[in-house]
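Below: query.txt (compact mmCIF, C-alpha atoms and all ligand atoms)
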# COMPACT_ATOMS: atom_id res chain seq x y z
CA MET I 1 0.00 0.00 0.00
CA PRO I 2 1.35 3.49 -0.78
CA SER I 3 2.73 5.10 2.34
CA LEU I 4 1.24 8.28 3.67
CA PRO I 5 2.87 11.38 2.22
CA GLU I 6 5.28 13.66 3.95
CA LYS I 7 3.16 16.55 2.83
CA PRO I 8 -0.53 15.80 2.20
CA LEU I 9 -2.27 17.66 -0.58
CA SER I 10 -4.52 20.21 0.95
CA ASN I 11 -6.98 22.12 -1.16
CA VAL I 12 -5.55 21.07 -4.51
CA PRO I 13 -6.93 23.55 -6.99
CA LEU I 14 -9.50 21.57 -8.92
CA GLN I 15 -8.17 23.17 -12.10
CA LEU I 16 -5.07 21.01 -11.73
CA HIS I 17 -7.30 18.10 -12.20
CA GLN I 18 -9.10 19.13 -15.32
CA PRO I 19 -9.27 16.65 -18.15
CA LYS I 20 -7.09 18.75 -20.46
CA ASN I 21 -4.37 18.10 -17.92
CA PHE I 22 -4.60 14.40 -18.60
CA GLN I 23 -3.41 14.96 -22.16
CA PHE I 24 0.27 14.60 -21.33
CA ASP I 25 2.86 12.77 -23.42
CA SER I 26 4.31 11.39 -20.22
CA VAL I 27 3.26 11.25 -16.59
CA PRO I 28 4.15 14.56 -14.89
CA GLU I 29 5.71 14.65 -11.41
CA SER I 30 2.37 15.76 -9.94
CA HIS I 31 0.90 12.37 -10.92
CA ALA I 32 4.00 10.14 -10.58
CA TRP I 33 3.60 7.67 -7.71
CA ARG I 34 6.22 5.66 -5.91
CA ASP I 35 5.55 2.45 -3.96
CA LEU I 36 3.10 1.11 -6.55
CA HIS I 37 4.98 -2.13 -6.84
CA ASP I 38 5.07 -2.95 -3.14
CA HIS I 39 3.54 -6.36 -3.86
CA PRO I 40 3.59 -8.42 -7.06
CA THR I 41 0.63 -8.17 -9.41
CA VAL I 42 -0.73 -11.48 -10.63
CA ASP I 43 -3.03 -12.39 -13.45
CA PRO I 44 -6.49 -13.61 -12.57
CA ILE I 45 -5.90 -17.25 -13.38
CA GLY I 46 -6.16 -20.52 -11.47
CA PRO I 47 -6.36 -20.03 -7.72
CA ASP I 48 -6.06 -16.26 -8.18
CA THR I 49 -9.49 -15.93 -9.78
CA VAL I 50 -11.95 -13.92 -7.73
CA PRO I 51 -15.01 -16.19 -7.28
CA LEU I 52 -17.92 -15.58 -9.64
CA ILE I 53 -21.23 -16.41 -7.98
CA ASP I 54 -24.63 -16.78 -9.60
CA LEU I 55 -27.22 -15.33 -7.22
CA THR I 56 -29.76 -17.90 -8.41
CA ASP I 57 -27.47 -20.77 -7.32
CA PRO I 58 -29.28 -23.08 -4.83
CA LYS I 59 -26.04 -23.25 -2.82
CA LEU I 60 -25.76 -19.47 -2.68
CA THR I 61 -25.23 -19.09 1.06
CA ALA I 62 -22.42 -21.64 1.16
CA LYS I 63 -20.76 -20.05 -1.88
CA ILE I 64 -20.85 -16.57 -0.38
CA SER I 65 -19.53 -17.91 2.88
CA LYS I 66 -16.54 -19.57 1.18
CA ALA I 67 -15.85 -16.53 -1.02
CA CYS I 68 -15.91 -14.14 1.93
CA GLU I 69 -13.76 -16.40 4.08
CA GLU I 70 -11.14 -16.81 1.36
CA TRP I 71 -11.37 -13.50 -0.49
CA ASP I 72 -13.65 -10.90 1.13
CA VAL I 73 -14.69 -10.12 -2.42
CA PHE I 74 -16.63 -11.88 -5.18
CA GLN I 75 -18.27 -11.15 -8.51
CA ILE I 76 -21.97 -11.75 -9.14
CA THR I 77 -24.19 -12.74 -12.03
CA GLY I 78 -27.87 -13.61 -11.94
CA HIS I 79 -28.50 -10.34 -10.07
CA GLY I 80 -31.47 -9.25 -12.17
CA VAL I 81 -30.12 -5.80 -13.07
CA GLN I 82 -31.00 -5.24 -16.70
CA PRO I 83 -28.01 -4.85 -19.07
CA ASP I 84 -29.94 -2.05 -20.74
CA LEU I 85 -29.91 0.00 -17.51
CA LEU I 86 -26.13 -0.41 -17.28
CA THR I 87 -25.73 0.64 -20.93
CA ARG I 88 -27.84 3.75 -20.32
CA LEU I 89 -25.92 4.58 -17.15
CA GLU I 90 -22.60 4.16 -18.94
CA ALA I 91 -23.76 6.52 -21.68
CA GLN I 92 -24.64 9.17 -19.07
CA ILE I 93 -21.28 8.76 -17.37
CA HIS I 94 -19.46 9.30 -20.67
CA ARG I 95 -21.68 12.32 -21.29
CA LEU I 96 -20.77 13.74 -17.89
CA PHE I 97 -17.01 13.32 -18.10
CA ALA I 98 -16.90 14.50 -21.72
CA LEU I 99 -18.19 17.93 -20.67
CA SER I 100 -15.76 20.82 -20.72
CA ALA I 101 -13.71 21.37 -17.58
CA ASP I 102 -15.47 24.68 -16.93
CA ARG I 103 -18.84 23.03 -17.12
CA LYS I 104 -17.87 20.21 -14.78
CA LEU I 105 -16.45 22.66 -12.28
CA LYS I 106 -19.89 24.25 -12.00
CA ALA I 107 -20.88 21.05 -10.20
CA ALA I 108 -17.72 20.87 -8.09
CA LYS I 109 -17.97 19.56 -4.53
CA SER I 110 -18.13 22.42 -2.09
CA PRO I 111 -15.67 22.18 0.80
CA GLY I 112 -16.96 19.76 3.40
CA ASP I 113 -19.62 18.40 1.03
CA VAL I 114 -19.67 14.80 -0.18
CA SER I 115 -21.65 15.26 -3.40
CA GLY I 116 -20.44 16.64 -6.68
CA TYR I 117 -17.55 16.61 -9.14
CA GLY I 118 -13.94 16.50 -8.01
CA LEU I 119 -11.19 14.58 -6.36
CA VAL I 120 -12.01 11.36 -4.57
CA PRO I 121 -12.29 11.90 -0.81
CA ILE I 122 -9.06 10.01 -0.01
CA SER I 123 -6.99 12.40 -2.19
CA SER I 124 -6.25 14.65 0.74
CA PHE I 125 -4.05 11.93 2.28
CA PHE I 126 -1.62 11.77 -0.62
CA SER I 127 0.96 14.16 -1.99
CA LYS I 128 0.42 12.98 -5.57
CA LEU I 129 -2.63 13.34 -7.76
CA MET I 130 -4.49 10.31 -9.04
CA TRP I 131 -5.17 9.71 -12.72
CA SER I 132 -8.92 10.02 -12.42
CA GLU I 133 -11.94 12.23 -12.02
CA GLY I 134 -14.91 11.44 -9.84
CA PHE I 135 -18.49 12.44 -9.28
CA THR I 136 -20.18 11.50 -6.02
CA ILE I 137 -23.94 11.27 -5.60
CA SER I 138 -25.37 11.13 -2.12
CA GLY I 139 -29.05 12.04 -2.14
CA SER I 140 -30.56 13.62 -5.24
CA PRO I 141 -28.23 14.57 -8.12
CA LEU I 142 -30.76 17.18 -9.34
CA HIS I 143 -29.00 20.29 -8.11
CA HIS I 144 -25.67 19.34 -9.67
CA ALA I 145 -27.22 17.95 -12.86
CA GLN I 146 -29.02 21.25 -13.44
CA LYS I 147 -25.65 23.00 -13.34
CA LEU I 148 -24.09 20.50 -15.74
CA TRP I 149 -26.94 20.47 -18.26
CA PRO I 150 -29.30 23.39 -17.68
CA ASP I 151 -31.45 22.27 -20.63
CA ASP I 152 -31.33 18.53 -20.24
CA TYR I 153 -30.65 17.30 -16.74
CA SER I 154 -33.55 14.87 -16.42
CA SER I 155 -32.08 12.07 -18.57
CA PHE I 156 -29.11 11.87 -16.17
CA CYS I 157 -31.26 12.12 -13.03
CA ASP I 158 -33.76 9.52 -14.28
CA VAL I 159 -31.10 6.91 -14.98
CA VAL I 160 -29.32 7.57 -11.69
CA GLU I 161 -32.60 7.29 -9.78
CA GLU I 162 -33.54 4.05 -11.53
CA PHE I 163 -30.07 2.62 -10.83
CA ASP I 164 -30.21 3.74 -7.18
CA ASN I 165 -33.55 1.99 -6.66
CA VAL I 166 -32.50 -1.26 -8.26
CA MET I 167 -29.13 -1.29 -6.51
CA ARG I 168 -30.59 -0.61 -3.07
CA GLN I 169 -32.75 -3.70 -3.46
CA LEU I 170 -29.80 -5.75 -4.67
CA GLY I 171 -27.56 -4.39 -1.92
CA ASN I 172 -30.13 -5.21 0.74
CA LYS I 173 -30.57 -8.73 -0.62
CA LEU I 174 -26.79 -9.27 -0.59
CA LEU I 175 -26.50 -7.88 2.91
CA HIS I 176 -29.00 -10.48 4.12
CA LYS I 177 -27.29 -13.28 2.21
CA ILE I 178 -23.95 -12.30 3.69
CA LEU I 179 -25.44 -12.36 7.19
CA LEU I 180 -26.98 -15.78 6.47
CA SER I 181 -23.59 -16.94 5.25
CA LEU I 182 -22.15 -15.98 8.64
CA GLY I 183 -24.41 -18.66 10.12
CA LEU I 184 -27.13 -16.35 11.43
CA SER I 185 -30.76 -17.45 11.21
CA LYS I 186 -33.52 -15.33 9.62
CA GLU I 187 -34.73 -14.49 13.13
CA ASP I 188 -31.24 -13.43 14.21
CA ILE I 189 -31.07 -11.19 11.16
CA ILE I 190 -34.42 -9.55 11.88
CA ARG I 191 -33.16 -8.84 15.39
CA ALA I 192 -29.64 -7.74 14.56
CA CYS I 193 -29.48 -6.33 11.04
CA PRO I 194 -29.19 -2.53 11.14
CA VAL I 195 -31.08 -2.30 7.80
CA ARG I 196 -34.75 -3.37 8.04
CA ASP I 197 -35.59 -3.04 4.38
CA TRP I 198 -34.13 -1.54 1.26
CA HIS I 199 -35.86 1.83 1.68
CA ASP I 200 -34.04 2.09 4.95
CA MET I 201 -30.52 1.60 3.64
CA SER I 202 -28.18 4.57 3.19
CA ALA I 203 -26.33 4.52 -0.10
CA ALA I 204 -23.99 6.60 -2.20
CA VAL I 205 -22.97 6.33 -5.84
CA GLN I 206 -19.43 7.09 -7.00
CA LEU I 207 -18.85 7.59 -10.73
CA ASN I 208 -15.18 7.21 -11.67
CA SER I 209 -13.45 8.10 -14.92
CA TYR I 210 -9.90 6.94 -15.68
CA PRO I 211 -8.55 8.54 -18.86
CA PRO I 212 -5.97 6.60 -20.91
CA CYS I 213 -2.44 7.13 -19.60
CA PRO I 214 0.84 7.15 -21.63
CA ASP I 215 2.80 5.47 -18.83
CA PRO I 216 0.37 3.49 -16.68
CA ASP I 217 3.06 1.90 -14.50
CA ARG I 218 4.05 5.25 -13.01
CA THR I 219 0.67 6.40 -11.79
CA ILE I 220 -2.51 5.18 -10.20
CA GLY I 221 -6.20 5.75 -10.91
CA LEU I 222 -7.32 5.26 -7.33
CA ALA I 223 -4.91 4.61 -4.47
CA ALA I 224 -5.23 1.53 -2.27
CA HIS I 225 -8.04 1.79 0.27
CA THR I 226 -10.86 -0.08 1.90
CA ASP I 227 -14.44 1.18 1.61
CA SER I 228 -16.24 2.39 4.74
CA SER I 229 -19.55 0.75 3.72
CA PHE I 230 -21.10 -2.59 4.71
CA LEU I 231 -20.52 -3.66 1.15
CA THR I 232 -19.79 -2.05 -2.19
CA LEU I 233 -21.09 -3.17 -5.55
CA LEU I 234 -18.71 -2.10 -8.28
CA TYR I 235 -19.56 -2.00 -11.94
CA GLN I 236 -16.68 -1.59 -14.38
CA ASN I 237 -16.87 -1.08 -18.14
CA SER I 238 -14.94 -3.43 -20.41
CA VAL I 239 -11.53 -2.00 -19.40
CA SER I 240 -9.64 -3.81 -16.67
CA GLY I 241 -8.08 -1.89 -13.74
CA LEU I 242 -9.54 -3.04 -10.41
CA GLN I 243 -7.08 -4.94 -8.22
CA ILE I 244 -7.58 -6.40 -4.80
CA LEU I 245 -4.88 -7.18 -2.28
CA ARG I 246 -4.86 -10.87 -1.48
CA SER I 247 -3.27 -12.02 1.77
CA LYS I 248 -0.35 -14.37 1.88
CA ASP I 249 -1.60 -17.95 1.84
CA HIS I 250 -0.51 -21.43 0.80
CA THR I 251 -0.75 -20.43 -2.88
CA GLY I 252 1.51 -17.38 -2.71
CA PRO I 253 2.73 -14.20 -1.01
CA MET I 254 0.67 -11.07 -0.49
CA ARG I 255 -0.24 -9.94 -4.00
CA TRP I 256 -2.40 -7.65 -6.10
CA VAL I 257 -4.97 -9.67 -8.04
CA THR I 258 -6.72 -8.12 -11.01
CA VAL I 259 -10.50 -8.46 -11.05
CA PRO I 260 -11.24 -8.71 -14.76
CA PRO I 261 -14.33 -7.00 -16.12
CA VAL I 262 -16.96 -9.62 -16.90
CA PRO I 263 -19.91 -8.16 -18.84
CA ASN I 264 -23.00 -7.54 -16.70
CA THR I 265 -21.42 -8.52 -13.41
CA PHE I 266 -20.76 -6.53 -10.26
CA THR I 267 -17.84 -6.97 -7.92
CA VAL I 268 -19.03 -7.13 -4.32
CA ASN I 269 -16.48 -6.16 -1.73
CA ILE I 270 -16.68 -6.22 2.03
CA GLY I 271 -16.31 -2.79 3.62
CA ASP I 272 -15.19 -1.61 7.05
CA LEU I 273 -18.67 -1.61 8.60
CA MET I 274 -19.18 -5.29 7.69
CA HIS I 275 -15.75 -5.96 9.20
CA VAL I 276 -17.18 -4.42 12.40
CA LEU I 277 -20.67 -6.01 12.18
CA SER I 278 -19.26 -9.51 11.58
CA ASN I 279 -16.71 -9.05 14.37
CA VAL I 280 -13.88 -9.64 11.86
CA ARG I 281 -15.30 -12.91 10.49
CA PHE I 282 -15.40 -11.15 7.12
CA ARG I 283 -12.75 -8.48 6.58
CA SER I 284 -12.78 -5.30 4.57
CA VAL I 285 -10.70 -5.76 1.47
CA MET I 286 -7.92 -3.44 0.29
CA HIS I 287 -8.32 -2.52 -3.36
CA ARG I 288 -7.09 0.02 -5.92
CA ALA I 289 -7.60 0.99 -9.57
CA MET I 290 -4.87 1.01 -12.20
CA VAL I 291 -5.05 2.86 -15.51
CA ASN I 292 -4.82 1.72 -19.09
CA PRO I 293 -2.40 2.91 -21.81
CA ALA I 294 -5.03 3.19 -24.52
CA LYS I 295 -8.53 2.85 -23.18
CA HIS I 296 -10.80 5.06 -21.13
CA ARG I 297 -12.02 3.16 -18.10
CA ILE I 298 -15.13 4.00 -16.14
CA SER I 299 -16.53 2.44 -13.03
CA VAL I 300 -19.47 2.94 -10.70
CA GLY I 301 -19.28 2.18 -7.01
CA PHE I 302 -22.53 1.65 -5.12
CA PHE I 303 -21.86 1.90 -1.39
CA CYS I 304 -24.43 0.30 0.93
CA GLY I 305 -24.59 1.27 4.56
CA PRO I 306 -26.87 1.50 7.58
CA PRO I 307 -29.43 4.26 8.09
CA MET I 308 -27.46 7.34 9.10
CA ASP I 309 -28.62 7.42 12.73
CA VAL I 310 -28.11 3.69 13.45
CA LYS I 311 -25.05 2.56 15.37
CA VAL I 312 -23.28 -0.51 14.04
CA GLY I 313 -21.33 -2.79 16.35
CA PRO I 314 -20.44 -6.48 16.31
CA ILE I 315 -23.55 -8.70 16.23
CA ASN I 316 -23.89 -10.37 19.64
CA LYS I 317 -24.21 -13.87 18.21
CA LEU I 318 -20.89 -13.41 16.42
CA THR I 319 -19.03 -12.67 19.61
CA GLY I 320 -17.98 -15.34 22.06
CA PRO I 321 -15.48 -16.35 24.68
CA GLU I 322 -12.69 -16.75 22.13
CA ARG I 323 -13.39 -13.41 20.49
CA GLY I 324 -15.37 -10.79 22.37
CA PRO I 325 -16.64 -7.69 20.52
CA VAL I 326 -13.61 -6.21 18.78
CA TYR I 327 -15.07 -2.78 17.95
CA ARG I 328 -17.32 -0.25 19.64
CA PRO I 329 -20.55 0.72 17.87
CA VAL I 330 -20.44 3.65 15.46
CA THR I 331 -22.82 5.32 13.03
CA TRP I 332 -21.75 5.46 9.37
CA GLN I 333 -21.50 9.22 9.64
CA GLU I 334 -19.28 9.06 12.70
CA TYR I 335 -17.11 6.47 11.00
CA GLN I 336 -16.82 8.54 7.82
CA ARG I 337 -15.69 11.48 9.93
CA LEU I 338 -12.97 9.27 11.43
CA ARG I 339 -11.94 8.13 7.97
CA ARG I 340 -11.60 11.72 6.79
CA LYS I 341 -9.34 12.36 9.75
CA LEU I 342 -7.42 9.08 10.03
CA PHE I 343 -7.88 7.27 6.69
CA ASP I 344 -6.58 3.70 7.09
CA LYS I 345 -6.23 4.06 10.87
CA ALA I 346 -9.97 4.60 11.36
CA LEU I 347 -10.78 0.97 12.20
CA GLU I 348 -8.02 0.90 14.79
CA ALA I 349 -9.51 4.01 16.36
CA ILE I 350 -12.76 2.20 17.22
CA LYS I 351 -11.10 -0.97 18.50
CA ILE I 352 -12.23 -1.66 22.03
CA GLY I 353 -9.43 -0.83 24.40
CA GLU I 354 -7.57 1.19 21.76
CA GLU I 355 -9.82 4.18 21.16
CA ILE I 356 -7.57 7.00 20.06
CA ALA I 357 -10.09 9.43 18.62
C1 LIG T 401 -14.18 3.10 -5.25
C2 LIG T 401 -13.33 2.07 -5.91
C3 LIG T 401 -12.47 1.04 -7.89
C4 LIG T 401 -12.55 1.16 -9.38
O1 LIG T 401 -14.81 3.91 -5.98
O2 LIG T 401 -14.22 3.08 -4.00
O3 LIG T 401 -12.71 1.34 -5.22
O4 LIG T 401 -12.18 0.20 -10.02
N1 LIG T 401 -13.29 2.03 -7.25
O5 LIG T 401 -12.94 2.21 -9.86
NI NI T 402 -13.28 1.46 -3.16

What would the structure in this file look like if it were written as structure tokens?
Ligand code: OGA
Ligand code: NI
Amino acid sequence: MPSLPEKPLSNVPLQLHQPKNFQFDSVPESHAWRDLHDHPTVDPIGPDTVPLIDLTDPKLTAKISKACEEWDVFQITGHGVQPDLLTRLEAQIHRLFALSADRKLKAAKSPGDVSGYGLVPISSFFSKLMWSEGFTISGSPLHHAQKLWPDDYSSFCDVVEEFDNVMRQLGNKLLHKILLSLGLSKEDIIRACPVRDWHDMSAAVQLNSYPPCPDPDRTIGLAAHTDSSFLTLLYQNSVSGLQILRSKDHTGPMRWVTVPPVPNTFTVNIGDLMHVLSNVRFRSVMHRAMVNPAKHRISVGFFCGPPMDVKVGPINKLTGPERGPVYRPVTWQEYQRLRRKLFDKALEAIKIGEEIA
């Protein structure tokens, strides 16, 4: 994982990040990263293939359980999301990032705000810029969409709203399946799951754009991180770039494994709040995005979390004499505040007996 910088970037002028600045013949110092090759990168073959699970599989619970125990990440098919919706969403994402820099900056994130166009939230922890642009949607995108397309904002908003609805239902279903795969009964889940139904879930959508890069080995699209959510569903277009960090095991050392784009699948990864809820039975997975020398990559992260006012702590039934509750309960908002302050030390900060914040 890249080490924390000597001098974090504070208030990088967004102009530095404008798309015209990605049209370099080589990677400029501002975007040149060191430490990218801390662990070997392996091809997704043989035992290094992230499990692909069909959600209609009769053995679904067992498959999720095995995938989470071994990988903390899996890909899904049979999810019921229409390919046509993904095609329409992709078209809107291309439309958004193809706008002029001045236009996009009209929808820039205001300081302290989570929604809008700009740098990904973790950028402030690094002294180098990432080779990407992002647009975060938390709540309605209407206000920002009106600034981007004063005369035609509804086609963007309609697709995003349709996607949000479908993904909340899918996210909620997966959350329940993951809890079942931890060995909880339906009754346990009713009692202990912080999300009662899909309307109740908090969610955010992150649109990412990774322009082609002349020297992809010297830069990164999105630095290594874990997500703060319960789980994240990631859609990537046909260009590969997502890598997950796989722990050392009998098949090899710690290594970056590429998650290849498979048409109409999502990658589901365990986030920090599931790490807490499951009392470390399932762990949040470190991942990053690399860039491509010739192709424009886009991805969409759908982050699923608890209702904003609900505290999440280890589920009682998943604690026991050999492992008591490892973390204290936190709300998603409280945890996100810790992440903005401490980044990859946030989980440590809520460890029982080690609270430092
Ligand atoms: C994210 C993320 C990876 C990708 O948005 O949190 O991890 O491949 N994205 O874009
Ligand atoms: Ni992520």

- Find, counting only C-alpha atoms and all ligand atoms, the residue in I:Ser110, I:Gln206, I:Gln92, I:Asn165 that gets nearest to ligand LIG 401 (chain T).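 Once distances to ligand LIG 401 (chain T) are computed over only C-alpha atoms and all ligand atoms, the minimum belongs to I:Gln206.
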
- Could you tell me, counting all atoms listed in the file, which protein and nucleic acid residues lie no more than 10 Å from ligand NI 402 (chain T), written as a PyMOL selection string? chain I and resi 206+222-229+231-234+242+244+269-271+285-289+300-303

- Spatial neighbours of stretch 38-44 of chain I, 6 Å, all atoms listed in the file, chain gap at least 5 places, as a PyMOL selection string: chain I and resi 49+255-258

- Item | Residue contacts of I:Val160 (9 Å, all atoms listed in the file) excluding same-chain residues fewer than 3 positions away, as a PyMOL selection string | chain I and resi 89+92+137+140-141+155-157+163-165+205

- Task: Give me, please, the distance in Å between atom CA of I:Leu85 and atom O1 of ligand LIG 401 (chain T), quoted to one decimal.
- Result: 19.4 Å

- Message: Please list as a PyMOL selection string every residue within 10 Å of stretch 171-178 of chain I, counting only C-alpha atoms and excluding residues in the same chain fewer than 4 positions away.
- Response: chain I and resi 55+60-62+64-65+68+79+165-167+182-184+186+189-190+193+195-201+203+230-233+268+270+274+278+282+302-305

What are the centre and edge lengths in Å, to one decimal, of the axis-aligned box around all listed atoms of stretch 39-54 of chain I with 8 Å added on each side, as AutoDock Vina command-line options?
--center_x -10.5 --center_y -13.4 --center_z -8.7 --size_x 44.2 --size_y 30.2 --size_z 25.6

- For ligand LIG 401 (chain T), the nearest of the candidates I:Tyr210, I:Tyr335, I:Phe343, I:Tyr327, counting all atoms listed in the file: I:Tyr210

- Looking at only C-alpha atoms and all ligand atoms, which of I:Lys317, I:Lys351, I:Arg297, I:Lys345 is the one that sits closest to ligand LIG 401 (chain T)?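 Result for the nearest residue to ligand LIG 401 (chain T): I:Arg297.
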
- Could you check which of I:Gln333, I:Asn279, I:Thr267, I:Ser202 is closest to ligand LIG 401 (chain T), using only C-alpha atoms and all ligand atoms?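 The closest residue to ligand LIG 401 (chain T) is I:Thr267.
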
- Message: Can you tell me which residues surround stretch 22-27 of chain I at a distance of at most 12 Å, considering all atoms listed in the file, apart from same-chain residues fewer than 2 positions away, and format the answer as a PyMOL selection string?
- Response: chain I and resi 15-20+29-33+101+128-133+209-221+291+293+296

If you keep C-alpha atoms, can you produce a file of those selected residues as a CSV table (one decimal), in the coordinates of the input?
chain,number,residue,atom,x,y,z
I,15,GLN,CA,-8.2,23.2,-12.1
I,16,LEU,CA,-5.1,21.0,-11.7
I,17,HIS,CA,-7.3,18.1,-12.2
I,18,GLN,CA,-9.1,19.1,-15.3
I,19,PRO,CA,-9.3,16.6,-18.2
I,20,LYS,CA,-7.1,18.8,-20.5
I,29,GLU,CA,5.7,14.6,-11.4
I,30,SER,CA,2.4,15.8,-9.9
I,31,HIS,CA,0.9,12.4,-10.9
I,32,ALA,CA,4.0,10.1,-10.6
I,33,TRP,CA,3.6,7.7,-7.7
I,101,ALA,CA,-13.7,21.4,-17.6
I,128,LYS,CA,0.4,13.0,-5.6
I,129,LEU,CA,-2.6,13.3,-7.8
I,130,MET,CA,-4.5,10.3,-9.0
I,131,TRP,CA,-5.2,9.7,-12.7
I,132,SER,CA,-8.9,10.0,-12.4
I,133,GLU,CA,-11.9,12.2,-12.0
I,209,SER,CA,-13.4,8.1,-14.9
I,210,TYR,CA,-9.9,6.9,-15.7
I,211,PRO,CA,-8.6,8.5,-18.9
I,212,PRO,CA,-6.0,6.6,-20.9
I,213,CYS,CA,-2.4,7.1,-19.6
I,214,PRO,CA,0.8,7.2,-21.6
I,215,ASP,CA,2.8,5.5,-18.8
I,216,PRO,CA,0.4,3.5,-16.7
I,217,ASP,CA,3.1,1.9,-14.5
I,218,ARG,CA,4.0,5.2,-13.0
I,219,THR,CA,0.7,6.4,-11.8
I,220,ILE,CA,-2.5,5.2,-10.2
I,221,GLY,CA,-6.2,5.8,-10.9
I,291,VAL,CA,-5.0,2.9,-15.5
I,293,PRO,CA,-2.4,2.9,-21.8
I,296,HIS,CA,-10.8,5.1,-21.1

- From the list I:Ser185, I:Asn237, I:Pro314, I:Asp152, which residue is nearest ligand LIG 401 (chain T) when using only C-alpha atoms and all ligand atoms?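 Residue with the minimum atom-to-atom distance to ligand LIG 401 (chain T): I:Asn237.
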
- Task: Check the smallest atom-to-atom distance from each of I:Pro321, I:Lys295, I:Leu105, I:Asn316 to I:Asp188 using only C-alpha atoms, then report the winner.
- Result: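 Answer, going by the shortest atom-to-atom distance: I:Asn316.
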
- Item | Cut-off 6 Å around (-21.1, -13.7, -11.9) with all atoms listed in the file: residues as a ChimeraX atom specification | /I:52-54,75-77,265

- Item | atom CA of I:Arg337 to atom CA of I:Gly320, straight-line distance in Å |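 Atom CA of I:Arg337 lies at a distance of 29.5 Å from atom CA of I:Gly320.
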
- Item | Point-to-point distance from atom CA of I:Leu207 to atom O1 of ligand LIG 401 (chain T), Å rounded to tenths |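 If I compute the distance from atom CA of I:Leu207 to atom O1 of ligand LIG 401 (chain T), I get 7.2 Å.
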
- Message: Is it possible to get the residues within 10 Å of (-13.1, 1.8, 14.4) (coordinates as in the file, counting only C-alpha atoms) written as a ChimeraX atom specification?
- Response: /I:272-273,275-276,313,326-330,334-335,338-339,344-352,354-357

Taking the partial coordinates given, rebuild stretch 313-317 of chain I to contain all heavy atoms; return it as an mmCIF file, keeping the file's coordinate frame.
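Once written, rebuild.cif looks like this:
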data_model
loop_
_atom_site.group_PDB
_atom_site.id
_atom_site.type_symbol
_atom_site.label_atom_id
_atom_site.label_comp_id
_atom_site.auth_asym_id
_atom_site.auth_seq_id
_atom_site.Cartn_x
_atom_site.Cartn_y
_atom_site.Cartn_z
ATOM 1 N N GLY I 313 -22.386 -2.146 15.562
ATOM 2 C CA GLY I 313 -21.330 -2.790 16.350
ATOM 3 C C GLY I 313 -21.358 -4.268 16.032
ATOM 4 O O GLY I 313 -22.222 -4.728 15.273
ATOM 5 N N PRO I 314 -20.439 -5.046 16.577
ATOM 6 C CA PRO I 314 -20.440 -6.480 16.310
ATOM 7 C C PRO I 314 -21.765 -7.123 16.748
ATOM 8 O O PRO I 314 -22.266 -6.811 17.832
ATOM 9 C CB PRO I 314 -19.284 -6.992 17.177
ATOM 10 C CG PRO I 314 -18.401 -5.797 17.369
ATOM 11 C CD PRO I 314 -19.316 -4.615 17.417
ATOM 12 N N ILE I 315 -22.316 -7.994 15.894
ATOM 13 C CA ILE I 315 -23.550 -8.700 16.230
ATOM 14 C C ILE I 315 -23.251 -9.651 17.388
ATOM 15 O O ILE I 315 -22.274 -10.409 17.340
ATOM 16 C CB ILE I 315 -24.075 -9.459 14.990
ATOM 17 C CG1 ILE I 315 -24.582 -8.455 13.946
ATOM 18 C CG2 ILE I 315 -25.170 -10.448 15.375
ATOM 19 C CD1 ILE I 315 -25.093 -9.079 12.659
ATOM 20 N N ASN I 316 -24.109 -9.574 18.420
ATOM 21 C CA ASN I 316 -23.890 -10.370 19.640
ATOM 22 C C ASN I 316 -23.563 -11.830 19.389
ATOM 23 O O ASN I 316 -22.629 -12.390 19.949
ATOM 24 C CB ASN I 316 -25.178 -10.347 20.477
ATOM 25 C CG ASN I 316 -25.007 -9.388 21.627
ATOM 26 O OD1 ASN I 316 -23.873 -9.111 22.037
ATOM 27 N ND2 ASN I 316 -26.122 -8.874 22.125
ATOM 28 N N LYS I 317 -24.386 -12.436 18.481
ATOM 29 C CA LYS I 317 -24.210 -13.870 18.210
ATOM 30 C C LYS I 317 -22.862 -14.193 17.588
ATOM 31 O O LYS I 317 -22.473 -15.348 17.510
ATOM 32 C CB LYS I 317 -25.315 -14.333 17.256
ATOM 33 C CG LYS I 317 -26.591 -14.684 17.958
ATOM 34 C CD LYS I 317 -27.061 -16.045 17.485
ATOM 35 C CE LYS I 317 -28.067 -16.606 18.449
ATOM 36 N NZ LYS I 317 -28.921 -17.608 17.844
#
